[in-house]
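K.L.:
Following this line is target.cif, made up of mmCIF, C-alpha atoms:
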```cif
data_coords
loop_
_atom_site.label_atom_id
_atom_site.label_comp_id
_atom_site.auth_asym_id
_atom_site.auth_seq_id
_atom_site.Cartn_x
_atom_site.Cartn_y
_atom_site.Cartn_z
CA ILE Z 1 -4.87 -0.14 -84.67
CA LEU Z 2 -6.36 3.35 -84.92
CA GLU Z 3 -8.80 4.54 -87.55
CA ARG Z 4 -7.48 6.87 -90.24
CA SER Z 5 -3.85 5.76 -89.86
CA GLY Z 6 -2.13 4.68 -93.06
CA LEU Z 7 0.77 5.21 -95.41
CA GLU Z 8 0.92 5.21 -99.21
CA ARG Z 9 4.22 5.42 -101.06
CA THR Z 10 4.94 5.50 -104.76
CA SER Z 11 8.52 5.26 -105.97
CA LEU Z 12 10.44 4.98 -109.21
CA ARG Z 13 14.03 3.84 -109.53
CA VAL Z 14 16.13 4.17 -112.66
CA ASN Z 15 19.64 2.85 -113.37
CA PHE Z 16 20.98 3.60 -116.82
CA SER Z 17 24.40 3.44 -118.48
CA ASN Z 18 25.39 3.65 -122.12
CA ASP Z 19 28.63 3.71 -124.13
CA ILE Z 20 27.48 6.34 -126.60
CA LYS Z 21 31.01 6.58 -128.02
CA GLU Z 22 34.07 4.39 -127.78
CA TRP Z 23 35.60 7.07 -125.58
CA LEU Z 24 32.47 8.21 -123.68
CA THR Z 25 30.16 6.53 -121.18
CA ILE Z 26 27.23 8.32 -119.59
CA GLY Z 27 24.61 7.18 -117.12
CA THR Z 28 22.35 7.96 -114.21
CA ASN Z 29 21.13 6.38 -111.01
CA PHE Z 30 18.22 8.00 -109.22
CA THR Z 31 15.18 7.30 -107.10
CA VAL Z 32 12.12 9.52 -106.84
CA SER Z 33 9.34 8.81 -104.37
CA TYR Z 34 6.20 10.37 -102.95
CA ALA Z 35 4.78 9.36 -99.58
CA SER Z 36 1.44 10.35 -98.09
CA GLU Z 37 0.85 9.50 -94.44
CA ASN Z 38 -2.35 9.90 -92.48
CA VAL Z 39 -1.45 9.79 -88.80
CA ALA Z 40 -3.80 9.04 -85.95
CA ASP Z 41 -1.74 10.66 -83.21
CA ASP Z 42 -1.78 8.66 -79.98
CA PHE Z 43 -0.32 11.60 -77.97
CA GLY Z 44 1.81 9.21 -75.94
CA VAL Z 45 0.98 9.05 -72.22
CA ASN Z 46 -1.73 11.69 -72.28
CA THR Z 47 -5.45 11.81 -71.61
CA ASN Z 48 -5.88 13.37 -75.08
CA SER Z 49 -4.90 10.03 -76.54
CA PRO Z 50 -7.78 8.27 -78.33
CA VAL Z 51 -6.31 5.01 -77.04
CA ALA Z 52 -6.60 6.24 -73.46
CA GLN Z 53 -10.10 7.63 -74.11
CA ALA Z 54 -11.22 4.26 -75.45
CA PHE Z 55 -10.48 2.83 -72.00
CA PHE Z 56 -11.95 5.79 -70.11
CA ASN Z 57 -15.22 5.91 -72.10
CA GLU Z 58 -18.06 4.11 -70.37
CA PRO Z 59 -18.98 1.07 -72.48
CA ASP Z 60 -22.75 1.48 -72.15
CA ARG Z 61 -22.73 4.95 -73.76
CA PRO Z 62 -23.53 5.10 -77.49
CA ALA Z 63 -20.70 6.19 -79.80
CA PHE Z 64 -23.05 8.42 -81.86
CA ASN Z 65 -26.03 10.65 -81.24
CA ASP Z 66 -29.33 10.11 -83.01
CA ASP Z 67 -28.39 12.65 -85.68
CA GLY Z 68 -25.16 10.75 -86.48
CA SER Z 69 -22.84 13.18 -84.71
CA ILE Z 70 -20.21 11.87 -82.32
CA ASN Z 71 -21.50 11.55 -78.76
CA ASN Z 72 -19.17 13.22 -76.25
CA ASN Z 73 -21.37 12.37 -73.26
CA VAL Z 74 -19.26 9.33 -72.47
CA GLY Z 75 -18.76 9.69 -68.72
CA PHE Z 76 -15.16 10.90 -68.70
CA GLY Z 77 -13.18 12.94 -71.20
CA PHE Z 78 -14.31 12.83 -74.80
CA ASN Z 79 -15.18 10.26 -77.42
CA ALA Z 80 -12.13 8.50 -78.81
CA LEU Z 81 -13.62 8.70 -82.33
CA GLU Z 82 -13.44 12.50 -82.19
CA GLN Z 83 -9.69 12.51 -82.59
CA THR Z 84 -9.58 9.85 -85.30
CA ARG Z 85 -12.53 11.07 -87.39
CA LEU Z 86 -12.82 14.84 -86.96
CA ASN Z 87 -9.23 15.98 -86.43
CA SER Z 88 -6.41 15.23 -88.81
CA ASP Z 89 -2.63 14.91 -89.02
CA LYS Z 90 -1.36 14.61 -92.58
CA ARG Z 91 2.24 14.32 -93.68
CA ASN Z 92 3.52 14.34 -97.26
CA GLN Z 93 7.05 13.94 -98.54
CA ILE Z 94 8.60 14.05 -101.97
CA LYS Z 95 12.16 12.82 -102.31
CA LEU Z 96 14.67 12.74 -105.15
CA VAL Z 97 18.05 11.09 -104.65
CA GLY Z 98 20.47 10.29 -107.43
CA ASP Z 99 23.25 11.32 -109.75
CA VAL Z 100 24.32 11.55 -113.36
CA PHE Z 101 27.83 10.65 -114.45
CA ALA Z 102 30.16 10.73 -117.41
CA ASN Z 103 33.42 8.85 -117.98
CA VAL Z 104 35.66 10.24 -120.71
CA ARG Z 105 38.65 8.29 -122.00
CA LEU Z 106 40.86 11.14 -123.20
CA PHE Z 107 43.64 8.84 -124.42
CA LYS Z 108 45.24 5.57 -123.42
CA ASN Z 109 45.26 5.07 -119.64
CA PHE Z 110 44.04 8.64 -119.07
CA THR Z 111 40.41 9.21 -118.05
CA TYR Z 112 38.20 11.99 -116.74
CA ASN Z 113 35.25 11.17 -114.45
CA LEU Z 114 32.43 13.55 -113.58
CA THR Z 115 29.52 12.95 -111.19
CA LEU Z 116 26.72 15.38 -110.35
CA GLY Z 117 24.39 14.36 -107.54
CA ILE Z 118 21.39 15.63 -105.65
CA ASP Z 119 19.58 14.71 -102.45
CA PHE Z 120 16.30 16.66 -102.31
CA ARG Z 121 13.53 16.22 -99.75
CA GLU Z 122 10.46 18.31 -99.05
CA THR Z 123 8.21 17.37 -96.15
CA GLU Z 124 4.96 19.02 -95.13
CA ARG Z 125 2.96 18.28 -92.00
CA LYS Z 126 -0.51 19.70 -91.40
CA ARG Z 127 -2.29 19.14 -88.08
CA PHE Z 128 -5.86 20.39 -87.75
CA PHE Z 129 -7.87 20.40 -84.51
CA ARG Z 130 -11.38 21.24 -85.62
CA PRO Z 131 -13.45 23.85 -83.70
CA GLY Z 132 -16.01 22.12 -81.52
CA THR Z 133 -13.77 19.18 -80.72
CA ASN Z 134 -12.09 18.69 -77.34
CA LEU Z 135 -8.59 19.53 -78.61
CA GLY Z 136 -9.88 22.32 -80.85
CA ASP Z 137 -11.68 23.98 -77.96
CA GLN Z 138 -8.52 23.85 -75.84
CA GLN Z 139 -7.28 26.53 -78.25
CA THR Z 140 -9.13 29.57 -79.56
CA ASN Z 141 -11.82 28.16 -81.81
CA GLY Z 142 -9.65 25.47 -83.37
CA GLN Z 143 -6.01 25.24 -84.32
CA LEU Z 144 -4.03 24.58 -87.51
CA LEU Z 145 -0.31 23.74 -87.35
CA ILE Z 146 1.65 23.67 -90.61
CA THR Z 147 5.33 22.78 -90.93
CA ASN Z 148 7.13 22.75 -94.25
CA ASP Z 149 10.75 21.67 -94.47
CA ARG Z 150 12.80 21.60 -97.65
CA ASP Z 151 16.43 20.56 -97.71
CA ALA Z 152 18.66 19.89 -100.67
CA THR Z 153 22.27 18.83 -101.07
CA ILE Z 154 23.98 19.09 -104.43
CA ARG Z 155 27.29 17.36 -105.04
CA HIS Z 156 29.96 17.63 -107.70
CA THR Z 157 32.87 15.21 -107.98
CA SER Z 158 35.40 15.22 -110.79
CA ASN Z 159 38.81 13.66 -111.18
CA PHE Z 160 41.55 12.83 -113.67
CA ASN Z 161 43.04 9.34 -113.49
CA TYR Z 162 46.25 8.29 -115.19
CA LYS Z 163 47.86 4.85 -115.10
CA LEU Z 164 51.47 4.27 -116.12
CA ASN Z 165 53.08 0.83 -116.35
CA LEU Z 166 56.83 0.49 -116.94
CA ASP Z 167 56.99 -3.15 -118.08
CA ASP Z 168 55.72 -5.50 -115.34
CA THR Z 169 58.02 -4.12 -112.67
CA HIS Z 170 56.81 -0.59 -111.99
CA LYS Z 171 53.14 0.37 -111.97
CA PHE Z 172 51.89 3.87 -111.17
CA SER Z 173 48.42 5.31 -110.73
CA PHE Z 174 47.74 9.05 -110.32
CA LEU Z 175 44.47 10.65 -109.24
CA LEU Z 176 43.77 14.39 -109.16
CA GLY Z 177 40.32 15.68 -108.32
CA MET Z 178 37.93 17.74 -106.29
CA ASP Z 179 34.69 17.32 -104.34
CA PHE Z 180 32.11 20.06 -103.84
CA GLU Z 181 28.96 19.92 -101.73
CA ARG Z 182 26.34 22.59 -101.11
CA PHE Z 183 23.61 22.16 -98.49
CA ARG Z 184 20.53 24.34 -98.08
CA ASP Z 185 17.69 23.89 -95.62
CA ARG Z 186 14.58 26.03 -95.36
CA ASN Z 187 11.69 25.53 -92.99
CA ILE Z 188 8.47 27.39 -92.23
CA ASP Z 189 6.24 27.00 -89.17
CA ILE Z 190 2.70 28.38 -88.94
CA ASP Z 191 0.32 28.22 -85.97
CA VAL Z 192 -3.18 29.52 -86.72
CA GLN Z 193 -6.21 29.70 -84.41
CA GLY Z 194 -9.77 30.89 -84.84
CA PHE Z 195 -11.83 29.59 -87.78
CA ASN Z 196 -15.07 30.86 -89.29
CA PHE Z 197 -15.46 27.69 -91.36
CA PRO Z 198 -14.68 24.69 -89.14
CA ASP Z 199 -14.81 22.17 -92.00
CA LEU Z 200 -11.93 23.78 -93.91
CA ASP Z 201 -8.37 23.13 -92.73
CA VAL Z 202 -7.05 26.35 -94.30
CA PRO Z 203 -6.66 29.85 -92.80
CA ASP Z 204 -9.70 32.08 -93.35
CA GLY Z 205 -10.66 35.66 -92.59
CA GLY Z 206 -11.13 35.07 -88.88
CA THR Z 207 -7.86 33.36 -88.11
CA ILE Z 208 -5.24 34.60 -85.66
CA TYR Z 209 -1.58 33.90 -86.37
CA ASN Z 210 0.13 32.86 -83.14
CA LEU Z 211 3.28 31.83 -84.97
CA ASP Z 212 4.52 32.58 -88.44
CA GLU Z 213 8.25 32.14 -88.80
CA GLY Z 214 10.88 30.55 -90.99
CA GLN Z 215 14.57 29.85 -91.21
CA GLU Z 216 17.08 29.13 -93.96
CA ASP Z 217 20.51 27.59 -93.47
CA ASN Z 218 23.31 27.16 -95.97
CA SER Z 219 26.68 25.45 -95.85
CA THR Z 220 29.37 24.54 -98.37
CA PHE Z 221 32.16 21.99 -98.38
CA VAL Z 222 35.00 21.71 -100.91
CA ASN Z 223 38.00 19.39 -101.07
CA TYR Z 224 40.91 19.11 -103.52
CA PHE Z 225 42.91 15.90 -103.46
CA PHE Z 226 45.85 14.12 -105.09
CA ASN Z 227 46.67 10.42 -104.74
CA VAL Z 228 49.57 8.40 -106.11
CA ASP Z 229 49.88 4.63 -105.97
CA TYR Z 230 53.08 2.71 -106.80
CA THR Z 231 53.49 -1.07 -107.07
CA LEU Z 232 56.86 -2.81 -107.44
CA ASN Z 233 57.01 -6.35 -108.81
CA ASP Z 234 53.41 -6.92 -107.68
CA LYS Z 235 54.81 -7.40 -104.17
CA TYR Z 236 55.44 -3.96 -102.70
CA ASN Z 237 52.75 -1.29 -102.72
CA PHE Z 238 53.07 2.35 -101.62
CA THR Z 239 50.27 4.91 -101.53
CA GLY Z 240 50.40 8.60 -100.72
CA SER Z 241 47.62 11.18 -100.61
CA VAL Z 242 47.28 14.84 -99.85
CA SER Z 243 44.13 16.99 -99.66
CA TYR Z 244 43.20 20.60 -99.13
CA GLY Z 245 39.67 21.09 -97.81
CA ALA Z 246 37.35 23.76 -96.45
CA ASP Z 247 34.02 23.85 -94.65
CA SER Z 248 31.92 27.01 -94.38
CA ASN Z 249 30.79 26.02 -90.86
CA LEU Z 250 34.31 26.82 -89.69
CA ASN Z 251 35.79 30.25 -89.14
CA ALA Z 252 36.91 32.00 -92.33
CA LEU Z 253 40.52 32.12 -91.12
CA ASN Z 254 40.60 28.41 -90.23
CA ARG Z 255 38.27 26.67 -92.66
CA PHE Z 256 41.03 25.64 -95.11
CA ASP Z 257 43.55 23.02 -94.02
CA TRP Z 258 45.96 20.40 -95.40
CA PHE Z 259 45.70 16.67 -94.68
CA TYR Z 260 47.72 13.69 -95.85
CA GLY Z 261 48.10 9.93 -95.63
CA LEU Z 262 50.75 7.27 -96.29
CA SER Z 263 50.43 3.50 -96.52
CA ALA Z 264 52.55 0.51 -97.56
CA SER Z 265 52.05 -3.22 -97.95
CA TRP Z 266 54.29 -6.22 -98.62
CA ASN Z 267 52.91 -9.37 -100.20
CA ILE Z 268 55.27 -11.85 -98.59
CA SER Z 269 53.66 -14.88 -100.21
CA ARG Z 270 55.00 -13.76 -103.60
CA GLU Z 271 58.60 -13.87 -102.44
CA ASP Z 272 60.78 -16.66 -103.81
CA PHE Z 273 61.41 -18.15 -100.39
CA LEU Z 274 57.66 -18.91 -100.05
CA ALA Z 275 57.06 -19.93 -103.64
CA ASN Z 276 57.03 -23.63 -102.78
CA SER Z 277 55.11 -23.37 -99.54
CA ASN Z 278 52.33 -25.93 -99.37
CA TRP Z 279 50.42 -24.32 -96.52
CA ILE Z 280 50.70 -20.52 -97.06
CA ASP Z 281 48.43 -19.36 -99.88
CA ASN Z 282 48.56 -15.64 -99.18
CA LEU Z 283 50.41 -13.51 -96.62
CA LYS Z 284 50.51 -9.73 -96.59
CA LEU Z 285 51.80 -7.11 -94.15
CA ARG Z 286 50.24 -3.63 -94.02
CA ALA Z 287 51.02 -0.30 -92.37
CA SER Z 288 49.39 3.11 -92.68
CA TYR Z 289 49.47 6.59 -91.17
CA ALA Z 290 47.08 9.48 -91.82
CA LEU Z 291 46.30 12.96 -90.58
CA THR Z 292 42.72 13.89 -91.43
CA GLY Z 293 40.20 16.49 -90.35
CA ASN Z 294 36.79 16.03 -88.78
CA ASN Z 295 34.25 18.74 -89.57
CA GLN Z 296 31.17 16.91 -88.27
CA SER Z 297 31.43 18.35 -84.75
CA ALA Z 298 31.03 21.92 -85.95
CA SER Z 299 27.48 23.11 -86.57
CA LEU Z 300 26.16 26.05 -88.51
CA TYR Z 301 27.20 29.38 -87.00
CA ASP Z 302 29.35 27.83 -84.26
CA SER Z 303 31.97 30.47 -85.02
CA SER Z 304 29.46 33.34 -84.77
CA ASN Z 305 28.05 35.24 -81.83
CA PHE Z 306 24.27 35.49 -81.53
CA LEU Z 307 22.23 38.63 -80.95
CA THR Z 308 18.66 38.91 -79.72
CA LEU Z 309 16.14 41.71 -79.38
CA GLU Z 310 15.47 43.06 -75.88
CA GLN Z 311 12.68 45.30 -74.67
CA TYR Z 312 13.56 48.95 -74.01
CA ASN Z 313 10.86 51.49 -73.18
CA THR Z 314 8.20 48.99 -74.40
CA GLN Z 315 10.01 48.69 -77.74
CA SER Z 316 11.94 45.73 -79.09
CA ALA Z 317 14.87 47.82 -80.13
CA LEU Z 318 17.92 46.81 -78.14
CA LEU Z 319 20.33 44.20 -79.49
CA SER Z 320 21.84 42.03 -76.77
CA LEU Z 321 24.29 39.14 -76.79
CA PHE Z 322 22.44 35.84 -76.54
CA ALA Z 323 25.33 33.42 -77.09
CA ILE Z 324 29.08 33.81 -77.42
CA ASN Z 325 31.04 31.45 -79.64
CA ASP Z 326 34.75 31.29 -80.31
CA PRO Z 327 35.54 32.74 -83.76
CA SER Z 328 38.51 30.39 -84.08
CA ILE Z 329 36.35 27.27 -84.64
CA SER Z 330 38.39 24.94 -86.86
CA TRP Z 331 38.90 21.31 -87.84
CA GLU Z 332 39.28 18.58 -85.28
CA LEU Z 333 42.53 16.76 -86.06
CA VAL Z 334 42.47 12.97 -86.35
CA THR Z 335 45.77 11.07 -86.30
CA ASP Z 336 45.37 7.43 -87.26
CA TYR Z 337 47.92 4.66 -87.71
CA ASN Z 338 47.40 0.97 -88.33
CA PHE Z 339 49.48 -2.19 -88.59
CA GLY Z 340 48.00 -5.39 -89.92
CA ILE Z 341 48.54 -8.79 -91.44
CA ASP Z 342 46.26 -10.69 -93.86
CA PHE Z 343 46.59 -14.42 -94.43
CA GLN Z 344 45.10 -17.44 -96.22
CA LEU Z 345 46.39 -20.83 -95.09
CA PHE Z 346 45.99 -24.55 -95.80
CA ASN Z 347 44.56 -24.29 -99.30
CA ARG Z 348 42.46 -21.31 -98.19
CA ARG Z 349 40.78 -23.30 -95.43
CA LEU Z 350 41.79 -20.70 -92.83
CA THR Z 351 41.62 -16.99 -93.72
CA GLY Z 352 41.73 -13.87 -91.63
CA SER Z 353 43.46 -10.71 -90.54
CA VAL Z 354 44.96 -9.20 -87.40
CA ASP Z 355 45.15 -5.43 -86.91
CA TYR Z 356 46.46 -3.02 -84.34
CA TYR Z 357 44.97 0.46 -84.60
CA ASN Z 358 45.47 3.75 -82.81
CA LYS Z 359 43.29 6.77 -83.48
CA GLU Z 360 43.70 10.07 -81.64
CA THR Z 361 41.38 13.05 -82.02
CA SER Z 362 42.64 16.42 -80.81
CA ASP Z 363 41.63 20.08 -81.07
CA LEU Z 364 38.14 18.97 -80.08
CA THR Z 365 35.14 21.16 -80.77
CA PHE Z 366 33.69 21.47 -77.28
CA ASP Z 367 30.80 23.25 -75.55
CA GLU Z 368 32.24 24.81 -72.41
CA PRO Z 369 29.90 25.93 -69.60
CA VAL Z 370 29.69 29.65 -68.90
CA ALA Z 371 29.09 31.08 -65.43
CA SER Z 372 25.52 32.11 -64.70
CA SER Z 373 26.79 35.59 -63.75
CA THR Z 374 27.33 36.37 -67.43
CA THR Z 375 24.70 38.26 -69.38
CA ILE Z 376 24.30 35.76 -72.19
CA THR Z 377 21.13 33.66 -72.43
CA GLY Z 378 19.34 36.20 -70.28
CA GLY Z 379 21.87 36.05 -67.48
CA GLY Z 380 21.39 32.34 -66.93
CA GLY Z 381 24.75 31.27 -68.25
CA GLY Z 382 25.11 28.84 -71.08
CA THR Z 383 27.91 27.39 -73.18
CA VAL Z 384 30.63 28.64 -75.48
CA THR Z 385 31.60 26.49 -78.46
CA ARG Z 386 35.32 26.46 -79.14
CA ASN Z 387 38.23 24.23 -80.11
CA THR Z 388 40.33 23.09 -77.18
CA ASP Z 389 43.47 21.03 -76.66
CA ASP Z 390 42.51 20.32 -73.05
CA TYR Z 391 41.00 16.99 -74.08
CA LEU Z 392 42.11 14.08 -76.23
CA ILE Z 393 40.05 11.12 -77.47
CA VAL Z 394 42.00 7.89 -78.03
CA ASN Z 395 40.64 4.73 -79.64
CA LYS Z 396 43.12 1.90 -79.83
CA GLY Z 397 43.23 -1.86 -79.72
CA PHE Z 398 43.41 -5.10 -81.68
CA GLU Z 399 40.98 -6.55 -84.15
CA VAL Z 400 41.05 -10.21 -85.17
CA ASP Z 401 38.96 -11.66 -87.98
CA LEU Z 402 39.03 -15.42 -88.63
CA SER Z 403 37.10 -17.54 -91.10
CA VAL Z 404 37.30 -21.35 -91.33
CA ASP Z 405 36.11 -23.47 -94.22
CA VAL Z 406 35.09 -26.46 -92.07
CA LEU Z 407 33.55 -28.82 -94.61
CA ARG Z 408 34.53 -29.06 -98.24
CA GLY Z 409 33.44 -31.86 -100.58
CA ASP Z 410 31.33 -32.76 -103.60
CA ASN Z 411 28.15 -32.61 -101.53
#
```
Show this structure as structure tokens.

P.N.:
Amino acid sequence: ILERSGLERTSLRVNFSNDIKEWLTIGTNFTVSYASENVADDFGVNTNSPVAQAFFNEPDRPAFNDDGSINNNVGFGFNALEQTRLNSDKRNQIKLVGDVFANVRLFKNFTYNLTLGIDFRETERKRFFRPGTNLGDQQTNGQLLITNDRDATIRHTSNFNYKLNLDDTHKFSFLLGMDFERFRDRNIDIDVQGFNFPDLDVPDGGTIYNLDEGQEDNSTFVNYFFNVDYTLNDKYNFTGSVSYGADSNLNALNRFDWFYGLSASWNISREDFLANSNWIDNLKLRASYALTGNNQSASLYDSSNFLTLEQYNTQSALLSLFAINDPSISWELVTDYNFGIDFQLFNRRLTGSVDYYNKETSDLTFDEPVASSTTITGGGGGTVTRNTDDYLIVNKGFEVDLSVDVLRGDN
């Protein structure tokens, strides 16, 4: 719709796996891509929009002067072509997402699995309002805005898996492992005005830095877990799990916690009293209970107080509280139990499941309002992030899933 707008993307995807030894399998799955986007900014509902200017410009005025330059004597505002041809908004992104893995069969029924993953993205945006243009002259002899954001997450997952079968009656499966995740984000913002060379969208000797700042954030998550699964006579199944996890976004005294889960199922259709049933193909009862932790509500530094510089005797030298947060920030606790039944009936013509679920979230991470009489946020009040048991979120109800094979025949 607008001149200069477009997107080019180049990507490569690789999936590879190889049994290099009888006891060793290695492989990788990753995608790398590069995207270059040239944006003709429409500025939304704004008279700076080239779309709006195309309507405002008087239709009998020429688009260009005799010397080929853009004619801004268009009756109202400025020539719409000025924004699309002289100014620029360029965005580039490089992205790498994938993992490498190894499966080692140490001995019979005992394996070790290792996965190393990465999610890397770097995005740069450069907006240039050339001196002499309408938007450039709204600033001091042009403006250049540069934003660079780089974030990367590295993951490590490893586990030992052992299966033990005692004849066909007792079957055990054991899993012991750990997950590790490290996140780092860094961004830089630059706002430059004043250009000696209006055709170059780079800072030069005459530029003035209105903004030159950056920020880096880091967080780490680790979880150790153990699962055991037991099956009796291929009819009764019991599963238990326990985990010990930590998140650096939480307070140092509260970031580690224990969680667990239990579940059981009974395959009734394999009982002798249903062996000769001509209308029940499969019938299973299920029940589960789990206590888990939610760390998604806590953000970076929620358990830290914030300081800011204040002016004193014309000097920025006085540290003042800007925001107060509760140092006891911890996990939100999620209690979840479920009862269900799965069935397949009438030669698998009718299949489905019915579930009752109840999920309660307590110790909520909550932003509580602070009176405006406090000194934080410049005396205007604000919020304090803390965990509270004053509130409880409950999700409960029934879920029914039915599928009917209506027509079945040779055609």

K.L.:
Pull out every residue that the PyMOL selection byres ((chain Z and resi 207-219) around 9) matches in the shown coordinates and put them as a PDB file with C-alpha atoms, keeping the file's coordinate frame.

P.N.:
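Output file selection-v8.pdb is given in full below:
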```pdb
ATOM      1  CA  THR Z 140      -9.130  29.570 -79.560  1.00  0.00           C
ATOM      2  CA  GLU Z 181      28.960  19.920-101.730  1.00  0.00           C
ATOM      3  CA  ARG Z 182      26.340  22.590-101.110  1.00  0.00           C
ATOM      4  CA  PHE Z 183      23.610  22.160 -98.490  1.00  0.00           C
ATOM      5  CA  ARG Z 184      20.530  24.340 -98.080  1.00  0.00           C
ATOM      6  CA  ASP Z 185      17.690  23.890 -95.620  1.00  0.00           C
ATOM      7  CA  ARG Z 186      14.580  26.030 -95.360  1.00  0.00           C
ATOM      8  CA  ASN Z 187      11.690  25.530 -92.990  1.00  0.00           C
ATOM      9  CA  ILE Z 188       8.470  27.390 -92.230  1.00  0.00           C
ATOM     10  CA  ASP Z 189       6.240  27.000 -89.170  1.00  0.00           C
ATOM     11  CA  ILE Z 190       2.700  28.380 -88.940  1.00  0.00           C
ATOM     12  CA  ASP Z 191       0.320  28.220 -85.970  1.00  0.00           C
ATOM     13  CA  VAL Z 192      -3.180  29.520 -86.720  1.00  0.00           C
ATOM     14  CA  GLN Z 193      -6.210  29.700 -84.410  1.00  0.00           C
ATOM     15  CA  GLY Z 194      -9.770  30.890 -84.840  1.00  0.00           C
ATOM     16  CA  PHE Z 195     -11.830  29.590 -87.780  1.00  0.00           C
ATOM     17  CA  ASN Z 196     -15.070  30.860 -89.290  1.00  0.00           C
ATOM     18  CA  PRO Z 203      -6.660  29.850 -92.800  1.00  0.00           C
ATOM     19  CA  ASP Z 204      -9.700  32.080 -93.350  1.00  0.00           C
ATOM     20  CA  GLY Z 205     -10.660  35.660 -92.590  1.00  0.00           C
ATOM     21  CA  GLY Z 206     -11.130  35.070 -88.880  1.00  0.00           C
ATOM     22  CA  THR Z 220      29.370  24.540 -98.370  1.00  0.00           C
ATOM     23  CA  PHE Z 221      32.160  21.990 -98.380  1.00  0.00           C
ATOM     24  CA  ASP Z 247      34.020  23.850 -94.650  1.00  0.00           C
ATOM     25  CA  SER Z 248      31.920  27.010 -94.380  1.00  0.00           C
ATOM     26  CA  ASN Z 249      30.790  26.020 -90.860  1.00  0.00           C
ATOM     27  CA  LEU Z 300      26.160  26.050 -88.510  1.00  0.00           C
TER      28      LEU Z 300
END
```

K.L.:
How many Å lie between CA of Thr351 in chain Z and CA of Ser403 in chain Z, rounded to one decimal?

P.N.:
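Between these atoms lies a distance of 5.3 Å.
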
K.L.:
Find the residues near range 38-42 of chain Z: any atom within 9 Å, counting only C-alpha atoms, skip ones fewer than 3 places away on the same chain, and give them as a CSV table (one decimal) with C-alpha atoms, in the coordinates of the input.

P.N.:
```csv
chain,number,residue,atom,x,y,z
Z,2,LEU,CA,-6.4,3.4,-84.9
Z,3,GLU,CA,-8.8,4.5,-87.6
Z,4,ARG,CA,-7.5,6.9,-90.2
Z,5,SER,CA,-3.8,5.8,-89.9
Z,6,GLY,CA,-2.1,4.7,-93.1
Z,7,LEU,CA,0.8,5.2,-95.4
Z,8,GLU,CA,0.9,5.2,-99.2
Z,45,VAL,CA,1.0,9.0,-72.2
Z,46,ASN,CA,-1.7,11.7,-72.3
Z,48,ASN,CA,-5.9,13.4,-75.1
Z,49,SER,CA,-4.9,10.0,-76.5
Z,50,PRO,CA,-7.8,8.3,-78.3
Z,51,VAL,CA,-6.3,5.0,-77.0
Z,52,ALA,CA,-6.6,6.2,-73.5
Z,83,GLN,CA,-9.7,12.5,-82.6
Z,84,THR,CA,-9.6,9.8,-85.3
Z,87,ASN,CA,-9.2,16.0,-86.4
Z,88,SER,CA,-6.4,15.2,-88.8
Z,89,ASP,CA,-2.6,14.9,-89.0
Z,90,LYS,CA,-1.4,14.6,-92.6
Z,91,ARG,CA,2.2,14.3,-93.7
Z,92,ASN,CA,3.5,14.3,-97.3
```

K.L.:
Any chance you could resolve the PyMOL selection byres ((chain Z and resi 142) around 8) against this file and give the residues as a PDB file with C-alpha atoms, keeping the file's coordinate frame?

P.N.:
```
ATOM      1  CA  PHE Z 128      -5.860  20.390 -87.750  1.00  0.00           C
ATOM      2  CA  PHE Z 129      -7.870  20.400 -84.510  1.00  0.00           C
ATOM      3  CA  ARG Z 130     -11.380  21.240 -85.620  1.00  0.00           C
ATOM      4  CA  PRO Z 131     -13.450  23.850 -83.700  1.00  0.00           C
ATOM      5  CA  GLY Z 132     -16.010  22.120 -81.520  1.00  0.00           C
ATOM      6  CA  THR Z 133     -13.770  19.180 -80.720  1.00  0.00           C
ATOM      7  CA  LEU Z 135      -8.590  19.530 -78.610  1.00  0.00           C
ATOM      8  CA  GLY Z 136      -9.880  22.320 -80.850  1.00  0.00           C
ATOM      9  CA  ASP Z 137     -11.680  23.980 -77.960  1.00  0.00           C
ATOM     10  CA  GLN Z 138      -8.520  23.850 -75.840  1.00  0.00           C
ATOM     11  CA  GLN Z 139      -7.280  26.530 -78.250  1.00  0.00           C
ATOM     12  CA  THR Z 140      -9.130  29.570 -79.560  1.00  0.00           C
ATOM     13  CA  ASN Z 141     -11.820  28.160 -81.810  1.00  0.00           C
ATOM     14  CA  GLN Z 143      -6.010  25.240 -84.320  1.00  0.00           C
ATOM     15  CA  LEU Z 144      -4.030  24.580 -87.510  1.00  0.00           C
ATOM     16  CA  GLN Z 193      -6.210  29.700 -84.410  1.00  0.00           C
ATOM     17  CA  GLY Z 194      -9.770  30.890 -84.840  1.00  0.00           C
ATOM     18  CA  PHE Z 195     -11.830  29.590 -87.780  1.00  0.00           C
ATOM     19  CA  PRO Z 198     -14.680  24.690 -89.140  1.00  0.00           C
TER      20      PRO Z 198
END
```

K.L.:
Any chance you could resolve the PyMOL selection byres ((chain Z and resi 302) around 10) against this file and give the residues as a PyMOL selection string?

P.N.:
chain Z and resi 249-251+297-301+303-306+323-330+365+367+384-386

K.L.:
For the atom pair CA of Asn165 in chain Z and CA of Leu285 in chain Z, what is the interatomic distance in Å to one decimal place?

P.N.:
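CA of Leu285 in chain Z lies 23.6 Å from CA of Asn165 in chain Z.
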
K.L.:
Do a neighbour search on Asn347 in chain Z at 9 Å with all atoms listed in the file, toss out local chain neighbours closer than 2 positions, and write the hits as a PyMOL selection string.

P.N.:
chain Z and resi 278-281+344-345+349-350

K.L.:
Residues of the last selection are to be written out with C-alpha atoms, as a CSV table (one decimal), in the coordinates of the input.

P.N.:
```csv
chain,number,residue,atom,x,y,z
Z,278,ASN,CA,52.3,-25.9,-99.4
Z,279,TRP,CA,50.4,-24.3,-96.5
Z,280,ILE,CA,50.7,-20.5,-97.1
Z,281,ASP,CA,48.4,-19.4,-99.9
Z,344,GLN,CA,45.1,-17.4,-96.2
Z,345,LEU,CA,46.4,-20.8,-95.1
Z,349,ARG,CA,40.8,-23.3,-95.4
Z,350,LEU,CA,41.8,-20.7,-92.8
```
